[in-house]
>>> print(open('input20.cif').read())   # mmCIF, C-alpha atoms
data_work
#
loop_
_atom_site.label_atom_id
_atom_site.label_comp_id
_atom_site.auth_asym_id
_atom_site.auth_seq_id
_atom_site.Cartn_x
_atom_site.Cartn_y
_atom_site.Cartn_z
CA MET I 1 -209.05 -91.53 -150.27
CA VAL I 2 -210.01 -87.88 -149.73
CA PHE I 3 -211.57 -88.61 -146.33
CA LYS I 4 -208.48 -90.59 -145.30
CA ILE I 5 -206.21 -87.65 -146.20
CA VAL I 6 -208.49 -85.26 -144.31
CA GLY I 7 -208.32 -87.62 -141.33
CA TRP I 8 -204.52 -87.49 -141.40
CA VAL I 9 -204.60 -83.68 -141.52
CA MET I 10 -207.01 -83.50 -138.56
CA ARG I 11 -204.80 -85.80 -136.48
CA LEU I 12 -201.62 -83.91 -137.31
CA ALA I 13 -203.10 -80.40 -137.00
CA PRO I 14 -202.82 -80.21 -133.17
CA ILE I 15 -199.20 -81.34 -133.37
CA GLY I 16 -198.47 -78.70 -136.00
CA THR I 17 -200.15 -76.02 -133.90
CA PHE I 18 -198.12 -77.03 -130.86
CA GLY I 19 -194.95 -76.96 -132.91
CA ALA I 20 -195.72 -73.49 -134.29
CA LEU I 21 -196.42 -72.13 -130.82
CA ALA I 22 -193.31 -73.80 -129.40
CA SER I 23 -191.26 -72.22 -132.17
CA VAL I 24 -192.64 -68.78 -131.31
CA VAL I 25 -191.82 -69.23 -127.62
CA ALA I 26 -188.33 -70.51 -128.42
CA LYS I 27 -187.61 -67.57 -130.74
CA TYR I 28 -189.26 -64.70 -128.88
CA GLY I 29 -189.30 -66.01 -125.31
CA ALA I 30 -192.10 -66.68 -122.87
CA GLU I 31 -193.17 -63.03 -123.06
CA SER I 32 -194.73 -63.82 -126.42
CA LEU I 33 -197.38 -65.85 -124.59
CA GLN I 34 -198.22 -62.77 -122.55
CA GLN I 35 -198.67 -60.74 -125.72
CA LEU I 36 -200.93 -63.44 -127.15
CA GLY I 37 -202.92 -63.28 -123.92
CA TYR I 38 -203.32 -59.54 -124.41
CA LEU I 39 -204.57 -60.18 -127.94
CA ILE I 40 -207.17 -62.65 -126.67
CA LEU I 41 -208.35 -60.26 -123.96
CA LEU I 42 -208.50 -57.31 -126.34
CA PHE I 43 -210.36 -59.30 -128.98
CA THR I 44 -212.81 -60.65 -126.39
CA GLY I 45 -213.41 -57.15 -125.04
CA THR I 46 -214.00 -55.82 -128.54
CA CYS I 47 -216.52 -58.59 -129.22
CA ILE I 48 -218.38 -57.82 -125.98
CA VAL I 49 -218.50 -54.09 -126.76
CA TYR I 50 -219.68 -54.83 -130.30
CA VAL I 51 -222.48 -57.09 -129.09
CA ILE I 52 -223.67 -54.81 -126.28
CA VAL I 53 -223.29 -51.45 -128.03
CA VAL I 54 -223.74 -52.01 -131.77
CA LEU I 55 -226.11 -54.98 -131.78
CA GLY I 56 -227.82 -53.62 -128.65
CA VAL I 57 -228.70 -50.35 -130.38
CA ILE I 58 -229.93 -52.19 -133.48
CA SER I 59 -232.06 -54.60 -131.46
CA ARG I 60 -233.59 -51.73 -129.49
CA ALA I 61 -234.45 -49.95 -132.75
CA CYS I 62 -236.16 -53.13 -133.96
CA GLY I 63 -238.09 -53.53 -130.70
CA VAL I 64 -236.39 -56.82 -129.85
CA GLY I 65 -234.50 -57.50 -126.63
CA LEU I 66 -230.90 -58.46 -127.36
CA PHE I 67 -230.47 -60.76 -124.36
CA SER I 68 -233.89 -62.31 -124.99
CA LEU I 69 -232.80 -63.07 -128.56
CA MET I 70 -229.54 -64.57 -127.31
CA ARG I 71 -231.46 -66.73 -124.85
CA TYR I 72 -233.82 -67.81 -127.66
CA LEU I 73 -230.84 -68.76 -129.89
CA LYS I 74 -228.88 -70.29 -127.01
CA ALA I 75 -228.66 -73.77 -128.54
CA GLU I 76 -227.48 -72.46 -131.91
CA LEU I 77 -224.90 -70.16 -130.34
CA LEU I 78 -223.53 -72.99 -128.18
CA VAL I 79 -223.26 -75.31 -131.18
CA ALA I 80 -221.46 -72.58 -133.12
CA LEU I 81 -219.06 -72.07 -130.22
CA SER I 82 -218.33 -75.78 -129.87
CA THR I 83 -217.82 -76.41 -133.59
CA CYS I 84 -216.39 -72.97 -134.46
CA SER I 85 -218.52 -73.09 -137.59
CA SER I 86 -221.54 -70.99 -138.48
CA GLU I 87 -222.58 -73.41 -141.23
CA ALA I 88 -223.34 -76.05 -138.59
CA VAL I 89 -226.34 -74.09 -137.30
CA LEU I 90 -227.76 -72.79 -140.59
CA PRO I 91 -230.84 -75.08 -140.76
CA GLN I 92 -231.74 -74.57 -137.10
CA LEU I 93 -231.22 -70.81 -137.35
CA VAL I 94 -233.50 -70.58 -140.38
CA ARG I 95 -236.25 -72.45 -138.55
CA LYS I 96 -235.86 -70.42 -135.35
CA LEU I 97 -236.06 -67.08 -137.18
CA GLU I 98 -239.13 -68.17 -139.10
CA ASP I 99 -240.76 -69.17 -135.82
CA LEU I 100 -239.76 -65.77 -134.44
CA GLY I 101 -241.93 -63.99 -136.99
CA VAL I 102 -239.56 -63.17 -139.85
CA GLY I 103 -240.94 -63.96 -143.29
CA LYS I 104 -239.68 -67.12 -144.97
CA PRO I 105 -238.44 -65.31 -148.14
CA VAL I 106 -236.39 -62.88 -146.06
CA VAL I 107 -234.86 -65.64 -143.94
CA GLY I 108 -234.14 -67.76 -147.02
CA ILE I 109 -232.16 -64.94 -148.65
CA VAL I 110 -230.48 -63.16 -145.75
CA ILE I 111 -229.15 -66.10 -143.72
CA PRO I 112 -227.33 -68.04 -146.50
CA SER I 113 -225.93 -64.87 -148.08
CA GLY I 114 -225.09 -63.39 -144.68
CA PHE I 115 -222.86 -66.33 -143.77
CA SER I 116 -220.73 -65.42 -146.79
CA PHE I 117 -221.02 -61.63 -147.03
CA ASN I 118 -221.92 -60.41 -143.52
CA LEU I 119 -219.36 -61.96 -141.20
CA ASP I 120 -219.05 -59.28 -138.51
CA GLY I 121 -216.82 -61.32 -136.22
CA SER I 122 -214.44 -62.21 -139.04
CA ALA I 123 -214.13 -58.51 -139.95
CA VAL I 124 -213.17 -57.66 -136.36
CA TYR I 125 -210.69 -60.55 -136.28
CA LEU I 126 -209.02 -59.66 -139.57
CA THR I 127 -208.35 -56.04 -138.64
CA MET I 128 -207.07 -56.81 -135.14
CA ALA I 129 -204.97 -59.80 -136.21
CA SER I 130 -203.32 -57.96 -139.09
CA LEU I 131 -202.34 -54.99 -136.90
CA PHE I 132 -201.11 -57.33 -134.15
CA LEU I 133 -198.89 -59.21 -136.61
CA ALA I 134 -197.51 -55.97 -138.01
CA GLN I 135 -196.61 -54.72 -134.54
CA ALA I 136 -195.23 -58.13 -133.51
CA VAL I 137 -192.68 -58.16 -136.34
CA GLY I 138 -191.80 -54.48 -135.85
CA ILE I 139 -193.51 -53.05 -138.94
CA ASP I 140 -195.02 -49.58 -138.53
CA LEU I 141 -197.87 -49.37 -141.02
CA SER I 142 -198.85 -45.94 -142.27
CA TRP I 143 -202.49 -44.89 -142.51
CA GLN I 144 -202.38 -45.48 -146.26
CA GLN I 145 -201.07 -49.01 -145.80
CA GLN I 146 -203.68 -49.75 -143.15
CA LEU I 147 -206.47 -48.50 -145.42
CA ILE I 148 -205.15 -50.60 -148.30
CA MET I 149 -205.05 -53.68 -146.07
CA VAL I 150 -208.60 -53.06 -144.85
CA GLY I 151 -209.81 -52.60 -148.44
CA VAL I 152 -208.17 -55.84 -149.57
CA MET I 153 -209.63 -57.69 -146.58
CA MET I 154 -213.12 -56.40 -147.41
CA LEU I 155 -212.73 -57.97 -150.85
CA THR I 156 -211.05 -61.24 -149.85
CA SER I 157 -213.45 -61.88 -146.97
CA LYS I 158 -216.49 -61.94 -149.28
CA GLY I 159 -217.54 -65.43 -150.16
CA THR I 160 -215.67 -66.96 -147.25
CA ALA I 161 -217.12 -70.32 -146.21
CA GLY I 162 -218.50 -70.34 -142.68
CA ILE I 163 -216.24 -73.19 -141.60
CA ALA I 164 -213.75 -73.39 -138.76
CA GLY I 165 -210.59 -71.46 -139.62
CA GLY I 166 -212.02 -69.79 -142.72
CA ALA I 167 -211.02 -66.30 -141.55
CA PHE I 168 -207.45 -67.49 -140.92
CA ILE I 169 -207.16 -68.49 -144.59
CA VAL I 170 -208.52 -65.08 -145.60
CA LEU I 171 -205.94 -63.42 -143.35
CA ALA I 172 -203.16 -65.43 -144.99
CA SER I 173 -204.33 -64.53 -148.50
CA THR I 174 -204.67 -60.86 -147.55
CA ILE I 175 -201.18 -60.66 -146.08
CA THR I 176 -199.80 -62.34 -149.21
CA ALA I 177 -201.67 -59.98 -151.52
CA VAL I 178 -200.74 -56.79 -149.67
CA GLY I 179 -197.17 -57.79 -148.85
CA HIS I 180 -196.67 -55.43 -145.90
CA VAL I 181 -196.42 -58.26 -143.34
CA PRO I 182 -194.45 -61.46 -144.01
CA LEU I 183 -196.56 -64.59 -144.34
CA ALA I 184 -194.38 -66.41 -141.80
CA ALA I 185 -195.74 -64.06 -139.11
CA LEU I 186 -198.96 -66.10 -139.08
CA ALA I 187 -197.12 -68.65 -136.97
CA LEU I 188 -197.35 -66.16 -134.10
CA ILE I 189 -201.13 -66.50 -133.77
CA VAL I 190 -201.84 -69.98 -135.12
CA GLY I 191 -201.71 -71.37 -131.59
CA VAL I 192 -204.52 -69.10 -130.35
CA ASP I 193 -206.58 -68.97 -133.52
CA ARG I 194 -209.03 -71.56 -132.16
CA ILE I 195 -209.78 -69.33 -129.15
CA LEU I 196 -210.24 -66.28 -131.37
CA ASN I 197 -212.41 -68.34 -133.70
CA GLU I 198 -214.95 -68.90 -130.94
CA GLY I 199 -215.48 -65.18 -130.51
CA ARG I 200 -215.81 -64.38 -134.18
CA VAL I 201 -218.22 -67.24 -134.97
CA PHE I 202 -220.44 -66.15 -132.05
CA ILE I 203 -220.72 -62.65 -133.50
CA ASN I 204 -221.19 -64.02 -137.02
CA VAL I 205 -224.24 -66.05 -135.99
CA LEU I 206 -225.78 -63.40 -133.73
CA GLY I 207 -225.05 -60.61 -136.23
CA ASN I 208 -226.71 -62.46 -139.09
CA ALA I 209 -229.74 -63.24 -136.92
CA MET I 210 -230.04 -59.53 -136.12
CA ALA I 211 -229.52 -58.62 -139.78
CA THR I 212 -232.40 -60.91 -140.74
CA ILE I 213 -234.70 -59.16 -138.28
CA VAL I 214 -233.61 -55.75 -139.61
CA ILE I 215 -234.27 -56.73 -143.24
CA GLY I 216 -237.59 -58.30 -142.25
CA LYS I 217 -238.64 -55.09 -140.52
CA TRP I 218 -237.42 -53.05 -143.47
CA GLU I 219 -239.48 -55.16 -145.90
CA ASN I 220 -242.53 -55.16 -143.60
CA ASP I 221 -242.19 -58.93 -143.30
CA PHE I 222 -241.57 -59.13 -139.56
CA ASP I 223 -244.26 -59.82 -136.97
CA ALA I 224 -243.06 -57.84 -133.95
CA GLU I 225 -245.96 -58.99 -131.76
CA LYS I 226 -245.20 -62.63 -132.46
CA ALA I 227 -241.51 -62.02 -131.80
CA ARG I 228 -242.24 -60.45 -128.42
CA ALA I 229 -244.53 -63.36 -127.56
CA VAL I 230 -241.89 -65.93 -128.53
CA LEU I 231 -239.04 -64.14 -126.77
CA GLY I 232 -241.18 -63.55 -123.71
CA ALA I 233 -242.11 -67.20 -123.41
CA ARG I 234 -240.21 -69.55 -121.14
CA PRO I 235 -237.36 -71.54 -122.79
CA GLY I 236 -239.47 -74.67 -122.91
CA LYS I 237 -242.35 -72.81 -124.51
CA HIS I 238 -240.50 -71.36 -127.51
CA GLU I 239 -241.70 -74.02 -129.89
CA GLU I 240 -245.34 -73.60 -128.83
CA ALA I 241 -245.10 -69.81 -129.09
CA GLY I 242 -243.52 -70.07 -132.53
CA LYS I 243 -246.39 -72.23 -133.72
#
>>> encode(input="input20.cif", output="structure tokens")
Amino acid sequence: MVFKIVGWVMRLAPIGTFGALASVVAKYGAESLQQLGYLILLFTGTCIVYVIVVLGVISRACGVGLFSLMRYLKAELLVALSTCSSEAVLPQLVRKLEDLGVGKPVVGIVIPSGFSFNLDGSAVYLTMASLFLAQAVGIDLSWQQQLIMVGVMMLTSKGTAGIAGGAFIVLASTITAVGHVPLAALALIVGVDRILNEGRVFINVLGNAMATIVIGKWENDFDAEKARAVLGARPGKHEEAGK
């Protein structure tokens, strides 16, 4: 019975999303689509800057090439992008990081907890989406209100399941708890949430992989020589290098 109900929801969800987006266009005009496009571009640009600058500096400090790591985790990142879920790649990510030279105890603790408490992409999404909604409905948030909203989001985002749309539920609960932005404003971005979800889940997976390497290096449970050998191997030779 539960699976049948879930099946109905999955079939009706695209229709509901289309209806919500059509309602936004009918109420605010076609220019609203342009503003949503700006949100997508700004969010994508922020994700790129975060990966290149923040994760790039961290990977350099750990002696690991960022783009080599992304190439090594290519399959996991593509699966995460296609499913919009970080939980879908948890077993493969654990195995890949162990093969990379990170100790099994570190991987076993950091990866599962990181997918609940270290969701970098979701944090970027929550802050940008909340400010976008406030500006879209004409609410000028003061610095105090923005800080309160960020603080509430830091609390409500902890323990979030790494499933598709999890951050959207957190955003809804945060807006309800704070009360500065009406809950109905979520209809403005529900049509593009899937696109934004791809960016945040990519950063969630890559950020947790980098966090595992950092903790492994911190605990002296990371074989840097093995990591360089694995990352320097050809794509088809990763398994052999890991062994």
>>> closest_residue(input="input20.cif", among="I:Pro182, I:Gly191, I:Gly103, I:Gly121", to="Ala20 in chain I", atoms="all atoms listed in the file")
I:Gly191
>>> resolve_selection(input="input20.cif", expression="the PyMOL selection byres ((chain I and resi 17) around 10)", output="count of residues only")
17
>>> closest_residue(input="input20.cif", among="I:Val106, I:Ala61, I:Leu42, I:Cys47", to="Ala209 in chain I", atoms="only C-alpha atoms")
I:Val106
>>> resolve_selection(input="input20.cif", expression="the PyMOL selection byres ((chain I and resi 87) around 12)", output="mmCIF file with C-alpha atoms, in the coordinates of the input")
data_model
loop_
_atom_site.group_PDB
_atom_site.id
_atom_site.type_symbol
_atom_site.label_atom_id
_atom_site.label_comp_id
_atom_site.auth_asym_id
_atom_site.auth_seq_id
_atom_site.Cartn_x
_atom_site.Cartn_y
_atom_site.Cartn_z
ATOM 1 C CA GLU I 76 -227.480 -72.460 -131.910
ATOM 2 C CA LEU I 77 -224.900 -70.160 -130.340
ATOM 3 C CA VAL I 79 -223.260 -75.310 -131.180
ATOM 4 C CA ALA I 80 -221.460 -72.580 -133.120
ATOM 5 C CA LEU I 81 -219.060 -72.070 -130.220
ATOM 6 C CA THR I 83 -217.820 -76.410 -133.590
ATOM 7 C CA CYS I 84 -216.390 -72.970 -134.460
ATOM 8 C CA SER I 85 -218.520 -73.090 -137.590
ATOM 9 C CA SER I 86 -221.540 -70.990 -138.480
ATOM 10 C CA ALA I 88 -223.340 -76.050 -138.590
ATOM 11 C CA VAL I 89 -226.340 -74.090 -137.300
ATOM 12 C CA LEU I 90 -227.760 -72.790 -140.590
ATOM 13 C CA PRO I 91 -230.840 -75.080 -140.760
ATOM 14 C CA GLN I 92 -231.740 -74.570 -137.100
ATOM 15 C CA LEU I 93 -231.220 -70.810 -137.350
ATOM 16 C CA VAL I 94 -233.500 -70.580 -140.380
ATOM 17 C CA ILE I 111 -229.150 -66.100 -143.720
ATOM 18 C CA PRO I 112 -227.330 -68.040 -146.500
ATOM 19 C CA SER I 113 -225.930 -64.870 -148.080
ATOM 20 C CA GLY I 114 -225.090 -63.390 -144.680
ATOM 21 C CA PHE I 115 -222.860 -66.330 -143.770
ATOM 22 C CA SER I 116 -220.730 -65.420 -146.790
ATOM 23 C CA LEU I 119 -219.360 -61.960 -141.200
ATOM 24 C CA THR I 160 -215.670 -66.960 -147.250
ATOM 25 C CA ALA I 161 -217.120 -70.320 -146.210
ATOM 26 C CA GLY I 162 -218.500 -70.340 -142.680
ATOM 27 C CA ILE I 163 -216.240 -73.190 -141.600
ATOM 28 C CA ALA I 164 -213.750 -73.390 -138.760
ATOM 29 C CA GLY I 166 -212.020 -69.790 -142.720
ATOM 30 C CA VAL I 201 -218.220 -67.240 -134.970
ATOM 31 C CA PHE I 202 -220.440 -66.150 -132.050
ATOM 32 C CA ASN I 204 -221.190 -64.020 -137.020
ATOM 33 C CA VAL I 205 -224.240 -66.050 -135.990
ATOM 34 C CA ASN I 208 -226.710 -62.460 -139.090
#
>>> resolve_selection(input="input20.cif", expression="the PyMOL selection byres ((chain I and resi 148) around 12)", output="tab-separated table (two decimals) with C-alpha atoms, in the frame of the given file")
chain	number	residue	atom	x	y	z
I	127	THR	CA	-208.35	-56.04	-138.64
I	130	SER	CA	-203.32	-57.96	-139.09
I	141	LEU	CA	-197.87	-49.37	-141.02
I	142	SER	CA	-198.85	-45.94	-142.27
I	143	TRP	CA	-202.49	-44.89	-142.51
I	144	GLN	CA	-202.38	-45.48	-146.26
I	145	GLN	CA	-201.07	-49.01	-145.80
I	146	GLN	CA	-203.68	-49.75	-143.15
I	147	LEU	CA	-206.47	-48.50	-145.42
I	149	MET	CA	-205.05	-53.68	-146.07
I	150	VAL	CA	-208.60	-53.06	-144.85
I	151	GLY	CA	-209.81	-52.60	-148.44
I	152	VAL	CA	-208.17	-55.84	-149.57
I	153	MET	CA	-209.63	-57.69	-146.58
I	154	MET	CA	-213.12	-56.40	-147.41
I	155	LEU	CA	-212.73	-57.97	-150.85
I	174	THR	CA	-204.67	-60.86	-147.55
I	175	ILE	CA	-201.18	-60.66	-146.08
I	177	ALA	CA	-201.67	-59.98	-151.52
I	178	VAL	CA	-200.74	-56.79	-149.67
I	179	GLY	CA	-197.17	-57.79	-148.85
I	180	HIS	CA	-196.67	-55.43	-145.90
>>> closest_residue(input="input20.cif", among="I:Ala185, I:Trp8, I:Val102, I:Phe168", to="Gly138 in chain I", atoms="only C-alpha atoms")
I:Ala185
>>> closest_atom_pairs(input="input20.cif", of="range 59-167 of chain I", to="range 225-232 of chain I", cutoff="9 Å", atoms="only C-alpha atoms", output="JSON lines")
{"residue": "I:Gly63", "atom": "CA", "partner": "I:Arg228", "partner_atom": "CA", "distance": 8.4}
{"residue": "I:Val64", "atom": "CA", "partner": "I:Arg228", "partner_atom": "CA", "distance": 7.0}
{"residue": "I:Gly65", "atom": "CA", "partner": "I:Leu231", "partner_atom": "CA", "distance": 8.0}
{"residue": "I:Ser68", "atom": "CA", "partner": "I:Leu231", "partner_atom": "CA", "distance": 5.7}
{"residue": "I:Leu69", "atom": "CA", "partner": "I:Leu231", "partner_atom": "CA", "distance": 6.6}
{"residue": "I:Arg71", "atom": "CA", "partner": "I:Leu231", "partner_atom": "CA", "distance": 8.2}
{"residue": "I:Tyr72", "atom": "CA", "partner": "I:Leu231", "partner_atom": "CA", "distance": 6.4}
{"residue": "I:Asp99", "atom": "CA", "partner": "I:Val230", "partner_atom": "CA", "distance": 8.1}
{"residue": "I:Leu100", "atom": "CA", "partner": "I:Ala227", "partner_atom": "CA", "distance": 4.9}
{"residue": "I:Gly101", "atom": "CA", "partner": "I:Ala227", "partner_atom": "CA", "distance": 5.6}
{"residue": "I:Val102", "atom": "CA", "partner": "I:Ala227", "partner_atom": "CA", "distance": 8.4}
>>> residues_near_point(input="input20.cif", point="(-224.1, -60.3, -126.4)", cutoff="7 Å", atoms="all atoms listed in the file", output="JSON, numbers by chain")
{"I": [48, 51, 52, 67, 70]}
>>> closest_residue(input="input20.cif", among="I:Val107, I:Gln135, I:Asn118, I:Lys96", to="Ile215 in chain I", atoms="only C-alpha atoms")
I:Val107
>>> closest_residue(input="input20.cif", among="I:Cys62, I:Leu55, I:Leu33, I:Leu78", to="Gly199 in chain I", atoms="only C-alpha atoms")
I:Leu78
>>> atom_distance(input="input20.cif", atom1="CA of Leu171 in chain I", atom2="CA of Ile40 in chain I")
16.7 Å
>>> residues_around(input="input20.cif", residues="Phe132 in chain I", least_positions_apart="4", cutoff="8 Å", atoms="all atoms listed in the file", output="list in words")
Leu39, Met128 and Ala136 of chain I
>>> atom_distance(input="input20.cif", atom1="CA of Trp218 in chain I", atom2="CA of Asp120 in chain I")
20.0 Å
>>> closest_residue(input="input20.cif", among="I:Ile169, I:Met1, I:Ile139, I:Ile58", to="Met210 in chain I", atoms="all atoms listed in the file")
I:Ile58
>>> atom_distance(input="input20.cif", atom1="CA of Ser59 in chain I", atom2="CA of Ile213 in chain I")
8.6 Å
